[in-house]
>>> print(open('coords.cif').read())   # mmCIF, C-alpha atoms
data_target
#
loop_
_atom_site.label_atom_id
_atom_site.label_comp_id
_atom_site.auth_asym_id
_atom_site.auth_seq_id
_atom_site.Cartn_x
_atom_site.Cartn_y
_atom_site.Cartn_z
CA MET A 1 -21.05 -1.97 4.61
CA ASP A 2 -18.40 -0.43 6.82
CA TYR A 3 -15.20 0.53 4.99
CA ARG A 4 -12.61 2.48 6.95
CA ASN A 5 -9.03 3.63 6.87
CA THR A 6 -7.82 4.18 10.40
CA LEU A 7 -4.79 6.40 10.82
CA THR A 8 -2.35 4.92 13.29
CA THR A 9 1.35 4.54 14.06
CA CYS A 10 3.32 1.43 13.21
CA THR A 11 3.97 -0.68 16.30
CA TYR A 12 7.09 -2.42 15.06
CA CYS A 13 9.81 0.06 15.98
CA GLY A 14 10.48 3.50 17.37
CA CYS A 15 10.52 5.33 13.99
CA GLY A 16 6.82 6.03 14.27
CA CYS A 17 5.74 5.62 10.65
CA ASN A 18 2.13 6.62 10.07
CA LEU A 19 -0.10 4.23 8.24
CA PHE A 20 -3.73 3.52 7.50
CA LEU A 21 -5.21 0.24 8.60
CA GLU A 22 -7.86 -0.58 6.04
CA SER A 23 -10.84 -2.50 7.32
CA LEU A 24 -14.00 -3.79 5.72
CA ASP A 25 -16.87 -4.79 7.99
CA GLY A 26 -14.58 -4.94 11.00
CA LYS A 27 -11.88 -7.12 9.40
CA LEU A 28 -8.45 -5.73 8.60
CA THR A 29 -7.71 -6.03 4.90
CA HIS A 30 -4.62 -3.98 4.07
CA THR A 31 -2.01 -1.52 5.26
CA THR A 32 -1.33 1.70 3.36
CA PRO A 33 1.48 4.10 4.26
CA CYS A 34 0.34 7.65 4.96
CA LYS A 35 1.65 10.00 2.26
CA THR A 36 1.06 13.17 4.21
CA SER A 37 2.98 11.93 7.25
CA PRO A 38 6.21 13.90 7.72
CA VAL A 39 7.79 10.78 9.26
CA ASN A 40 7.57 8.27 6.44
CA GLU A 41 6.15 10.27 3.50
CA GLY A 42 4.19 7.36 2.06
CA LYS A 43 6.89 4.74 2.54
CA LEU A 44 7.13 1.69 4.81
CA CYS A 45 9.47 -1.24 5.44
CA ILE A 46 8.34 -4.82 4.97
CA LYS A 47 7.22 -5.12 8.57
CA GLY A 48 5.10 -2.00 8.36
CA TRP A 49 3.47 -3.15 5.12
CA ASN A 50 2.32 -6.33 6.85
CA VAL A 51 1.37 -4.88 10.21
CA HIS A 52 -2.31 -5.71 9.73
CA GLN A 53 -1.54 -9.42 9.54
CA PHE A 54 -0.48 -10.16 13.11
CA VAL A 55 -3.57 -8.55 14.59
CA GLN A 56 -5.84 -11.25 13.23
CA SER A 57 -3.27 -14.03 13.22
CA GLU A 58 -4.48 -17.34 14.59
CA LYS A 59 -1.07 -17.77 16.14
CA ARG A 60 -1.42 -14.59 18.15
CA LEU A 61 -1.27 -14.97 21.91
CA ASN A 62 -4.25 -13.09 23.31
CA LYS A 63 -4.66 -14.63 26.76
CA PRO A 64 -2.03 -14.94 29.49
CA LEU A 65 -0.40 -18.34 29.89
CA LEU A 66 1.05 -19.66 33.13
CA ARG A 67 3.26 -22.72 33.38
CA LYS A 68 1.56 -25.16 35.73
CA ASP A 69 3.17 -28.56 36.31
CA GLY A 70 5.42 -27.92 33.33
CA LYS A 71 2.51 -27.11 31.01
CA LEU A 72 1.47 -23.68 29.69
CA THR A 73 -2.10 -23.12 30.82
CA GLU A 74 -4.52 -20.30 29.98
CA VAL A 75 -5.31 -18.18 33.01
CA SER A 76 -7.16 -14.93 33.75
CA TRP A 77 -5.30 -11.61 33.79
CA ASP A 78 -5.92 -11.37 37.53
CA GLU A 79 -4.28 -14.70 38.19
CA ALA A 80 -1.35 -13.91 35.89
CA LEU A 81 -0.73 -10.51 37.49
CA ASP A 82 -1.10 -11.86 41.05
CA PHE A 83 1.42 -14.57 40.28
CA THR A 84 3.88 -12.05 38.76
CA VAL A 85 3.55 -9.71 41.75
CA SER A 86 4.11 -12.47 44.30
CA LYS A 87 7.14 -13.83 42.42
CA LEU A 88 8.70 -10.38 41.94
CA LYS A 89 8.27 -9.67 45.65
CA GLU A 90 9.74 -13.03 46.55
CA ILE A 91 12.81 -12.51 44.34
CA LYS A 92 13.32 -8.94 45.56
CA GLU A 93 13.15 -10.00 49.22
CA ALA A 94 15.44 -12.98 48.77
CA ASN A 95 18.09 -11.42 46.48
CA GLY A 96 17.63 -7.63 46.54
CA SER A 97 16.23 -5.12 44.02
CA ASP A 98 19.13 -5.41 41.60
CA SER A 99 18.39 -9.07 41.01
CA VAL A 100 15.50 -7.95 38.78
CA GLY A 101 15.98 -6.41 35.35
CA PHE A 102 13.45 -4.72 33.05
CA PHE A 103 13.18 -4.80 29.29
CA ALA A 104 11.20 -2.05 27.62
CA SER A 105 9.79 -2.47 24.15
CA ALA A 106 9.86 -0.55 20.90
CA LYS A 107 6.40 -1.95 20.25
CA VAL A 108 4.66 0.04 22.94
CA THR A 109 4.18 3.77 23.36
CA ASN A 110 6.53 6.28 24.89
CA GLU A 111 4.15 6.68 27.83
CA GLU A 112 4.04 2.94 28.46
CA ASN A 113 7.83 2.80 28.42
CA TYR A 114 7.93 5.70 30.84
CA LEU A 115 5.60 3.83 33.18
CA MET A 116 7.74 0.72 32.97
CA GLN A 117 10.98 2.46 33.93
CA LYS A 118 9.10 4.28 36.69
CA PHE A 119 7.87 0.95 37.99
CA ALA A 120 11.43 -0.44 37.83
CA ARG A 121 12.94 2.46 39.75
CA ALA A 122 10.15 3.39 42.16
CA ALA A 123 8.39 0.11 42.87
CA ILE A 124 11.23 -2.40 42.57
CA GLY A 125 14.14 -0.06 43.21
CA THR A 126 16.54 -0.94 40.43
CA ASN A 127 18.05 1.01 37.57
CA SER A 128 18.52 -2.11 35.47
CA VAL A 129 16.40 -0.91 32.58
CA ASP A 130 17.13 -1.83 28.98
CA HIS A 131 15.19 -2.27 25.78
CA CYS A 132 14.85 -4.73 22.97
CA ALA A 133 16.66 -3.06 20.13
CA ARG A 134 15.70 -5.93 17.86
CA LEU A 135 12.21 -7.13 17.19
CA MET B 1 -13.18 21.57 -9.62
CA ILE B 2 -13.91 19.86 -6.31
CA ASP B 3 -17.42 21.34 -6.21
CA ILE B 4 -18.27 19.73 -9.54
CA VAL B 5 -16.92 16.40 -8.28
CA ARG B 6 -18.90 16.74 -5.05
CA GLN B 7 -22.09 17.52 -6.98
CA LYS B 8 -21.56 14.52 -9.24
CA ILE B 9 -20.97 12.16 -6.30
CA SER B 10 -23.96 13.59 -4.47
CA LYS B 11 -26.14 12.97 -7.51
CA LEU B 12 -24.95 9.38 -7.95
CA LEU B 13 -25.61 8.63 -4.30
CA SER B 14 -28.97 10.38 -4.07
CA ASP B 15 -30.48 8.79 -7.17
CA GLY B 16 -29.30 5.38 -6.03
CA SER B 17 -27.08 4.69 -9.09
CA VAL B 18 -24.29 3.59 -6.77
CA LYS B 19 -24.06 1.99 -3.35
CA GLY B 20 -20.98 4.05 -2.50
CA VAL B 21 -18.20 6.08 -4.04
CA VAL B 22 -14.51 5.34 -3.51
CA ALA B 23 -12.62 8.63 -3.36
CA LEU B 24 -10.28 10.56 -1.08
CA ALA B 25 -11.11 12.28 2.18
CA MET B 26 -9.25 14.73 4.37
CA ALA B 27 -9.42 13.68 8.02
CA ASN B 28 -7.12 14.49 10.96
CA GLY B 29 -5.06 16.60 8.57
CA HIS B 30 -4.27 13.62 6.35
CA VAL B 31 -5.59 12.41 3.01
CA ALA B 32 -6.94 8.85 2.96
CA PRO B 33 -9.01 6.64 0.70
CA CYS B 34 -12.65 6.70 1.75
CA LEU B 35 -15.95 5.09 0.81
CA PHE B 36 -18.64 7.76 0.67
CA GLN B 37 -22.09 6.32 1.21
CA LYS B 38 -24.25 9.31 2.09
CA GLU B 39 -24.83 12.36 -0.08
CA ASP B 40 -24.86 14.73 2.90
CA ASP B 41 -21.53 13.38 4.15
CA LEU B 42 -19.26 14.74 1.43
CA GLU B 43 -17.60 17.58 3.32
CA PRO B 44 -14.22 15.82 3.81
CA LEU B 45 -13.95 14.95 0.09
CA CYS B 46 -10.63 15.93 -1.48
CA LEU B 47 -8.74 15.21 -4.69
CA GLY B 48 -5.34 14.28 -3.31
CA ASP B 49 -3.59 17.60 -3.74
CA THR B 50 -1.77 18.99 -0.71
CA LYS B 51 1.51 20.83 -1.32
CA LYS B 52 1.69 19.92 -5.00
CA PRO B 53 -0.99 18.68 -7.41
CA GLY B 54 -1.59 14.96 -6.95
CA ASP B 55 0.99 14.48 -4.21
CA ALA B 56 -1.43 12.48 -2.06
CA ARG B 57 -2.79 9.99 -4.57
CA TYR B 58 -3.75 6.52 -3.38
CA PRO B 59 -4.58 3.32 -5.30
CA LEU B 60 -8.36 3.76 -5.28
CA ASN B 61 -8.88 0.91 -7.76
CA LYS B 62 -7.23 -1.42 -5.27
CA VAL B 63 -9.72 -0.27 -2.63
CA LEU B 64 -12.53 -0.81 -5.12
CA ILE B 65 -11.37 -4.40 -5.77
CA THR B 66 -11.36 -5.13 -2.03
CA ILE B 67 -14.92 -3.83 -1.64
CA ALA B 68 -16.23 -5.33 -4.89
CA ARG B 69 -14.93 -8.80 -3.95
CA GLN B 70 -17.06 -8.60 -0.82
CA TYR B 71 -20.08 -6.96 -2.46
CA PRO B 72 -20.08 -8.29 -6.05
CA GLU B 73 -23.73 -7.41 -6.74
CA ASP B 74 -23.44 -3.70 -5.93
CA VAL B 75 -22.43 -0.82 -8.20
CA PHE B 76 -19.74 1.54 -6.93
CA GLY B 77 -18.44 4.89 -8.08
CA VAL B 78 -14.74 5.67 -8.11
CA LEU B 79 -12.75 8.87 -8.48
CA VAL B 80 -10.35 8.45 -11.40
CA ARG B 81 -7.52 10.34 -13.03
CA GLY B 82 -6.26 9.34 -16.47
CA CYS B 83 -4.04 6.60 -15.05
CA ASP B 84 -6.78 5.23 -12.80
CA GLU B 85 -9.16 4.95 -15.74
CA ARG B 86 -6.49 3.08 -17.72
CA GLY B 87 -6.17 0.86 -14.67
CA LEU B 88 -9.89 0.10 -14.73
CA TYR B 89 -9.73 -0.91 -18.39
CA VAL B 90 -6.94 -3.36 -17.59
CA LEU B 91 -8.78 -4.68 -14.53
CA TYR B 92 -11.90 -5.27 -16.67
CA ARG B 93 -9.77 -7.22 -19.12
CA LEU B 94 -8.27 -9.28 -16.31
CA ASN B 95 -11.72 -10.00 -14.81
CA GLN B 96 -11.01 -8.27 -11.52
CA LEU B 97 -13.83 -5.77 -11.87
CA GLU B 98 -17.00 -5.72 -13.93
CA PRO B 99 -17.51 -2.65 -16.10
CA ASP B 100 -21.26 -2.53 -15.43
CA LYS B 101 -20.62 -2.46 -11.68
CA VAL B 102 -18.33 0.59 -11.84
CA MET B 103 -19.18 4.25 -12.46
CA THR B 104 -16.30 6.67 -12.79
CA ILE B 105 -15.97 10.26 -11.70
CA GLY B 106 -13.13 11.41 -13.93
CA ILE B 107 -10.84 14.34 -13.24
CA ALA B 108 -8.10 15.75 -15.43
CA CYS B 109 -4.60 16.30 -14.09
CA PRO B 110 -3.06 19.78 -14.31
CA GLN B 111 -0.09 20.38 -16.60
CA GLU B 112 2.36 20.40 -13.68
CA LEU B 113 1.41 16.89 -12.59
CA ALA B 114 1.29 15.59 -16.17
CA LYS B 115 4.84 16.89 -16.70
CA ALA B 116 6.15 15.40 -13.46
CA CYS B 117 4.64 12.04 -14.48
CA GLU B 118 5.61 12.31 -18.15
CA CYS B 119 2.04 11.11 -18.58
CA LYS B 120 0.93 10.22 -22.09
CA LYS B 121 -2.75 10.79 -21.30
CA PRO B 122 -3.30 12.94 -18.21
CA TYR B 123 -7.10 12.82 -18.41
CA PRO B 124 -9.75 10.09 -18.45
CA ASP B 125 -11.99 9.38 -21.45
CA GLU B 126 -15.01 10.22 -19.33
CA LEU B 127 -14.21 13.59 -17.87
CA VAL B 128 -16.34 15.15 -15.14
CA ALA B 129 -14.12 17.99 -13.95
CA GLY B 130 -10.90 19.78 -14.91
CA GLU B 131 -9.39 20.84 -18.21
CA LYS B 132 -7.80 18.33 -20.56
CA THR B 133 -4.09 18.96 -20.99
CA GLU B 134 -1.74 17.59 -23.62
CA GLY B 135 0.05 14.28 -23.13
CA ILE B 136 3.78 14.58 -22.45
CA THR B 137 6.55 13.02 -24.55
CA GLN B 138 8.42 10.39 -22.60
CA GLN B 139 11.91 11.83 -22.45
CA GLY B 140 13.14 9.79 -19.48
CA VAL B 141 13.32 6.48 -21.33
CA GLN B 142 15.04 8.14 -24.28
CA ASP B 143 17.67 9.69 -22.00
CA MET B 144 18.32 6.27 -20.50
CA GLU B 145 18.63 4.67 -23.94
CA ASP B 146 21.13 7.35 -24.92
CA MET B 147 23.51 6.18 -22.20
CA ASP B 148 26.02 3.62 -23.38
CA LEU B 149 25.39 0.02 -22.42
CA SER B 150 28.01 -0.34 -19.70
CA LYS B 151 26.91 2.88 -18.01
CA ARG B 152 23.28 1.79 -18.20
CA PHE B 153 24.16 -1.60 -16.79
CA SER B 154 26.01 -0.17 -13.82
CA PHE B 155 23.25 2.41 -13.28
CA TRP B 156 20.58 -0.27 -12.89
CA LYS B 157 22.80 -2.60 -10.90
CA ASN B 158 23.44 0.25 -8.54
CA GLN B 159 19.74 1.12 -8.32
CA PHE B 160 18.66 -2.48 -7.70
CA SER B 161 21.29 -2.92 -5.00
CA LYS B 162 19.54 -0.21 -2.97
CA CYS B 163 16.41 -2.38 -2.66
CA VAL B 164 15.41 -3.28 0.91
CA LYS B 165 12.79 -5.79 -0.27
CA CYS B 166 9.89 -4.06 1.42
CA TYR B 167 7.62 -5.25 -1.41
CA GLY B 168 6.05 -1.79 -1.31
CA CYS B 169 6.09 -1.51 -5.12
CA ARG B 170 3.87 -4.59 -5.26
CA ASP B 171 1.72 -3.73 -2.27
CA ILE B 172 0.84 -0.23 -3.46
CA CYS B 173 0.35 -1.27 -7.11
CA PRO B 174 -3.29 -1.05 -8.19
CA MET B 175 -2.58 -3.67 -10.86
CA CYS B 176 -1.18 -6.24 -8.43
CA PHE B 177 -4.03 -8.41 -7.25
CA CYS B 178 -2.69 -11.99 -7.49
CA ARG B 179 -3.30 -14.17 -4.46
CA GLU B 180 -0.01 -15.92 -5.10
CA CYS B 181 2.93 -13.77 -6.09
CA SER B 182 6.04 -14.87 -7.99
CA LEU B 183 8.09 -12.55 -5.82
CA GLU B 184 7.28 -14.85 -2.90
CA CYS B 185 8.20 -18.01 -4.81
CA GLU B 186 11.37 -19.29 -3.20
CA ASP B 187 12.51 -21.00 -6.42
CA ILE B 188 12.93 -17.54 -7.92
CA ILE B 189 13.50 -15.16 -5.02
CA SER B 190 15.45 -15.92 -1.87
CA LYS B 191 13.42 -15.41 1.28
CA GLY B 192 14.53 -13.10 4.07
CA GLU B 193 17.88 -12.28 2.53
CA LEU B 194 19.55 -9.08 1.45
CA PRO B 195 20.91 -7.88 -0.87
CA VAL B 196 18.00 -8.59 -3.17
CA ASP B 197 18.44 -11.07 -6.04
CA ILE B 198 19.80 -8.85 -8.81
CA PRO B 199 18.31 -8.53 -11.37
CA VAL B 200 15.72 -11.29 -10.91
CA PHE B 201 13.55 -9.53 -8.35
CA HIS B 202 13.03 -6.30 -10.27
CA LEU B 203 12.97 -7.82 -13.72
CA THR B 204 10.41 -10.46 -12.68
CA ARG B 205 8.16 -7.67 -11.54
CA ALA B 206 8.88 -5.66 -14.68
CA MET B 207 7.94 -8.68 -16.83
CA HIS B 208 4.65 -9.08 -14.98
CA MET B 209 3.94 -5.41 -15.55
CA THR B 210 4.45 -5.48 -19.33
CA ASP B 211 0.77 -5.60 -20.25
CA ARG B 212 -0.56 -4.26 -16.96
CA CYS B 213 1.36 -1.17 -15.87
CA ILE B 214 -0.74 1.93 -16.42
CA ASP B 215 2.05 4.32 -15.44
CA CYS B 216 0.47 5.80 -12.32
CA GLY B 217 3.82 6.14 -10.57
CA LEU B 218 2.66 5.00 -7.13
CA CYS B 219 5.54 2.47 -7.00
CA ASP B 220 8.07 5.25 -7.51
CA GLU B 221 6.46 7.31 -4.78
CA THR B 222 6.40 4.52 -2.21
CA CYS B 223 9.92 3.14 -2.78
CA PRO B 224 11.95 3.98 0.35
CA SER B 225 15.19 3.55 -1.63
CA GLY B 226 14.22 5.84 -4.48
CA ILE B 227 14.64 3.22 -7.22
CA PRO B 228 13.21 4.65 -10.47
CA LEU B 229 10.80 1.73 -10.98
CA ARG B 230 8.44 3.74 -13.07
CA LEU B 231 11.19 4.41 -15.60
CA LEU B 232 11.81 0.67 -15.83
CA TYR B 233 8.14 -0.06 -16.49
CA LYS B 234 7.95 2.81 -18.97
CA LYS B 235 10.67 1.00 -20.89
CA THR B 236 8.75 -2.30 -20.92
CA SER B 237 5.65 -0.40 -22.04
CA LYS B 238 7.68 1.17 -24.82
CA ILE B 239 8.80 -2.27 -26.00
CA MET B 240 5.21 -3.53 -25.94
CA ASN B 241 4.17 -0.54 -28.00
CA ALA B 242 7.00 -0.92 -30.51
CA GLU B 243 6.50 -4.66 -30.93
CA PHE B 244 2.73 -4.98 -30.76
CA GLY B 245 1.32 -1.47 -31.00
CA PHE B 246 -0.13 -2.08 -27.55
CA THR B 247 -0.45 0.40 -24.68
CA SER B 248 -2.16 -1.01 -21.63
CA GLY B 249 -5.33 0.76 -20.62
CA ILE B 250 -5.65 3.03 -23.65
CA ASN B 251 -8.66 1.20 -25.12
CA LYS B 252 -11.60 0.11 -23.04
CA ASN B 253 -12.04 -3.19 -24.85
CA GLU B 254 -8.36 -3.95 -25.25
CA GLN B 255 -6.86 -7.40 -25.55
CA SER B 256 -3.36 -8.11 -24.41
CA PRO B 257 -1.01 -9.34 -27.15
CA LEU B 258 0.41 -11.70 -24.54
CA ASN B 259 -2.92 -13.55 -24.47
CA LEU B 260 -3.34 -13.87 -28.23
CA MET B 261 -2.33 -16.83 -30.36
CA GLY B 262 -1.33 -16.37 -33.99
CA PRO B 263 0.28 -13.54 -35.90
CA ALA B 264 0.92 -10.20 -34.24
CA PRO B 265 -2.05 -7.84 -34.46
CA GLU B 266 -1.66 -4.95 -36.88
CA LYS B 267 -0.10 -1.89 -35.33
#
>>> encode(input="coords.cif", output="C-alpha cells")
Amino acid sequence: MDYRNTLTTCTYCGCGCNLFLESLDGKLTHTTPCKTSPVNEGKLCIKGWNVHQFVQSEKRLNKPLLRKDGKLTEVSWDEALDFTVSKLKEIKEANGSDSVGFFASAKVTNEENYLMQKFARAAIGTNSVDHCARL
Amino acid sequence: MIDIVRQKISKLLSDGSVKGVVALAMANGHVAPCLFQKEDDLEPLCLGDTKKPGDARYPLNKVLITIARQYPEDVFGVLVRGCDERGLYVLYRLNQLEPDKVMTIGIACPQELAKACECKKPYPDELVAGEKTEGITQQGVQDMEDMDLSKRFSFWKNQFSKCVKCYGCRDICPMCFCRECSLECEDIISKGELPVDIPVFHLTRAMHMTDRCIDCGLCDETCPSGIPLRLLYKKTSKIMNAEFGFTSGINKNEQSPLNLMGPAPEK
C-alpha cells in the first residue's frame, strides 16, 4: 500500500500554483491545491484541478511521431532529433537564420525556456523567440 | 495535544488495530494529507495549524474513501475534527465507508476556529485530544435573512457572477463522491462557457448538499472568487432543520428525511 501526496507545481501556465498529486500504488488519483503555498493559497483553476488526468490519459502522446509517406509513424527519440537537426540546418543554410522562429511554452520550466532561447540565439542565430500565451 | 494524538496513532498501529492512519504531515514546509503506516514514522505528524488554528485542513475523509475503495477489507484510522466526524456519519449512511472499518482519532477545535466557522459542534463525539468548546450560534444566516429580498437577490446574483467554474467547491468537498456529477450534465449546465449559469449551477449544488453538507467550510476556503458558499449551505441546512428537525452528521445512525416515505419524522 503506497499512498502519497507529491508536492509539485502546476504545468498549465506561468502562475506556478502549488499542488499535491495524490497517488495510490503508483496511479494518480486526485489533485489537491496546496493551502500553505503563498502563490495559490489552496485555490486552483479548472485546469489545475484536473492536472492529474492528462498524465495517464490514453490519448497522451508519449513517443515521437514522424510523418513518413504522409503517415505519422512512431520513431525513436534519436531518429526524431536527427531528423529535426538535419531539417533545421537545411532551412538555415537555404534561407538564413531568421527563417526559423521559436515558440517557448508556459508548460515547461523557466530553465527550459532559458535553454530554448539560448539555442535560438546561439545555435541558430535568430532573435525570433515568442511564447504560447494560450494553452 | 499533538503528543496525545501521536501516542494514540502509535498505539493503533503497533497493536495492529489499523492498517494505516490518514492524518496530516508536515513535509517540505507544507502540510499535506498522509497515510501513516509505521508507528516509528510519526515525526512529521501535524494537525493542520500553521498561522492560525485549522488553516491547513484537508478533506481527510475523501482520502480515506480513495484508499478504502482500493482496500475494502482493511481497517483504517483517520484524524477527525467535529466536522470530519459528522462527515463520517453521513458517509456511513450513504454507504461510502463502513463504520467497522474506520477508527477515529478525534480532536477538538479551539474557540478561535469554532468562532471563525460558526461551528455548531466544534468537537467530535469520540474525543482523543483537546478541550471541548461551546458550539457557536449561526449569526451569518440570520444577518442574510435580515436583508430585504431585493438586496439579498442582488447580493447572490453578484456573488454567483464571480464564479470561474473551477469546480473546486465540488472537488475539495469530502461529501462529493459521485462518479457522475449533475454539474457536468449538459442538459443542466452549459459546458465550457462563462459566465456560469446563474443560479442553476450554485443552486443545483446547494440542493445536493441539503442532507450531506457537514459545514466543514473547505469549499469556502478553496473558492478562488471568494463566493460565500458555506453561508449558502448553512441556509439549506437551516431549512432542513426547521422542516424536518434534521442536521446532517449529528447522529451516528441518522436517516435522511429525503430518503423516507410517509409523514415527516417528529422533530
>>> interface_residues(input="coords.cif", of="chain B", to="chain A", cutoff="9 Å", atoms="all atoms listed in the file", output="ChimeraX atom specification")
/B:28-35,50,55-58,63,66-67,70-71,164-168,171-172,221-224
>>> resolve_selection(input="coords.cif", expression="the PyMOL selection byres ((chain A and resi 120-126) around 8)", output="ChimeraX atom specification")
/A:92,97-98,100-102,116-119,127-129
>>> resolve_selection(input="coords.cif", expression="the PyMOL selection byres ((chain B and resi 254) around 12)", output="PyMOL selection string")
chain B and resi 86-94+211-212+245-253+255-260+265
>>> atom_distance(input="coords.cif", atom1="CA of Glu126 (chain B)", atom2="CA of Gly48 (chain B)")
19.1 Å
>>> atom_distance(input="coords.cif", atom1="CA of Val55 (chain A)", atom2="CA of Leu28 (chain A)")
8.2 Å
>>> residues_around(input="coords.cif", residues="region 7-20 of chain B", least_positions_apart="5", cutoff="9 Å", atoms="only C-alpha atoms", output="list in words")
Ile2, Leu35, Phe36, Gln37, Lys38, Glu39, Asp40, Asp41, Leu42, Asp74, Val75, Phe76, Gly77, Val78, Lys101, Val102, Met103, Ile105 and Val128 of chain B
>>> write_last_selection(input="coords.cif", atoms="C-alpha atoms", output="short mmCIF file (atom, residue, chain, number, x, y, z; two decimals), in the frame of the given file")
data_model
loop_
_atom_site.label_atom_id
_atom_site.label_comp_id
_atom_site.auth_asym_id
_atom_site.auth_seq_id
_atom_site.Cartn_x
_atom_site.Cartn_y
_atom_site.Cartn_z
CA ILE B 2 -13.91 19.86 -6.31
CA LEU B 35 -15.95 5.09 0.81
CA PHE B 36 -18.64 7.76 0.67
CA GLN B 37 -22.09 6.32 1.21
CA LYS B 38 -24.25 9.31 2.09
CA GLU B 39 -24.83 12.36 -0.08
CA ASP B 40 -24.86 14.73 2.90
CA ASP B 41 -21.53 13.38 4.15
CA LEU B 42 -19.26 14.74 1.43
CA ASP B 74 -23.44 -3.70 -5.93
CA VAL B 75 -22.43 -0.82 -8.20
CA PHE B 76 -19.74 1.54 -6.93
CA GLY B 77 -18.44 4.89 -8.08
CA VAL B 78 -14.74 5.67 -8.11
CA LYS B 101 -20.62 -2.46 -11.68
CA VAL B 102 -18.33 0.59 -11.84
CA MET B 103 -19.18 4.25 -12.46
CA ILE B 105 -15.97 10.26 -11.70
CA VAL B 128 -16.34 15.15 -15.14
#
>>> resolve_selection(input="coords.cif", expression="the PyMOL selection byres ((chain B and resi 198) around 8)", output="VMD selection string")
chain B and resid 157 160 to 161 196 to 197 199 to 202
>>> atom_distance(input="coords.cif", atom1="CA of Lys151 (chain B)", atom2="CA of Lys120 (chain B)")
27.3 Å
>>> residues_around(input="coords.cif", residues="Thr9 (chain A)", least_positions_apart="2", cutoff="7 Å", atoms="all atoms listed in the file", output="NGL selection string")
:A and (11 or 16-19)
>>> build_atoms(input="coords.cif", residues="region 242-260 of chain B", atoms="N, CA and C atoms", output="compact mmCIF listing (two decimals), in the frame of the given file")
# COMPACT_ATOMS: atom_id res chain seq x y z
N ALA B 242 6.23 -0.79 -29.27
CA ALA B 242 7.00 -0.92 -30.51
C ALA B 242 6.74 -2.27 -31.18
N GLU B 243 6.64 -3.32 -30.36
CA GLU B 243 6.50 -4.66 -30.93
C GLU B 243 5.07 -4.98 -31.35
N PHE B 244 4.11 -4.56 -30.54
CA PHE B 244 2.73 -4.98 -30.76
C PHE B 244 1.74 -3.83 -30.96
N GLY B 245 2.22 -2.62 -30.89
CA GLY B 245 1.32 -1.47 -31.00
C GLY B 245 0.34 -1.42 -29.83
N PHE B 246 0.77 -1.96 -28.70
CA PHE B 246 -0.13 -2.08 -27.55
C PHE B 246 0.27 -1.14 -26.43
N THR B 247 -0.70 -0.41 -25.88
CA THR B 247 -0.45 0.40 -24.68
C THR B 247 -1.53 0.05 -23.69
N SER B 248 -1.14 -0.50 -22.55
CA SER B 248 -2.16 -1.01 -21.63
C SER B 248 -3.05 0.11 -21.10
N GLY B 249 -4.34 -0.15 -21.18
CA GLY B 249 -5.33 0.76 -20.62
C GLY B 249 -5.77 1.89 -21.52
N ILE B 250 -5.26 1.93 -22.76
CA ILE B 250 -5.65 3.03 -23.65
C ILE B 250 -7.03 2.78 -24.27
N ASN B 251 -7.34 1.50 -24.56
CA ASN B 251 -8.66 1.20 -25.12
C ASN B 251 -9.49 0.39 -24.13
N LYS B 252 -10.74 0.77 -24.03
CA LYS B 252 -11.60 0.11 -23.04
C LYS B 252 -11.73 -1.39 -23.30
N ASN B 253 -11.85 -1.76 -24.55
CA ASN B 253 -12.04 -3.19 -24.85
C ASN B 253 -10.77 -3.84 -25.36
N GLU B 254 -9.66 -3.46 -24.78
CA GLU B 254 -8.36 -3.95 -25.25
C GLU B 254 -8.20 -5.45 -25.00
N GLN B 255 -7.31 -6.04 -25.81
CA GLN B 255 -6.86 -7.40 -25.55
C GLN B 255 -5.36 -7.35 -25.44
N SER B 256 -4.81 -8.14 -24.54
CA SER B 256 -3.36 -8.11 -24.41
C SER B 256 -2.72 -9.00 -25.48
N PRO B 257 -1.69 -8.50 -26.15
CA PRO B 257 -1.01 -9.34 -27.15
C PRO B 257 -0.40 -10.58 -26.51
N LEU B 258 -0.18 -10.54 -25.21
CA LEU B 258 0.41 -11.70 -24.54
C LEU B 258 -0.61 -12.83 -24.39
N ASN B 259 -1.88 -12.51 -24.61
CA ASN B 259 -2.92 -13.55 -24.47
C ASN B 259 -3.44 -14.01 -25.83
N LEU B 260 -2.84 -13.52 -26.90
CA LEU B 260 -3.34 -13.87 -28.23
C LEU B 260 -2.46 -14.93 -28.87
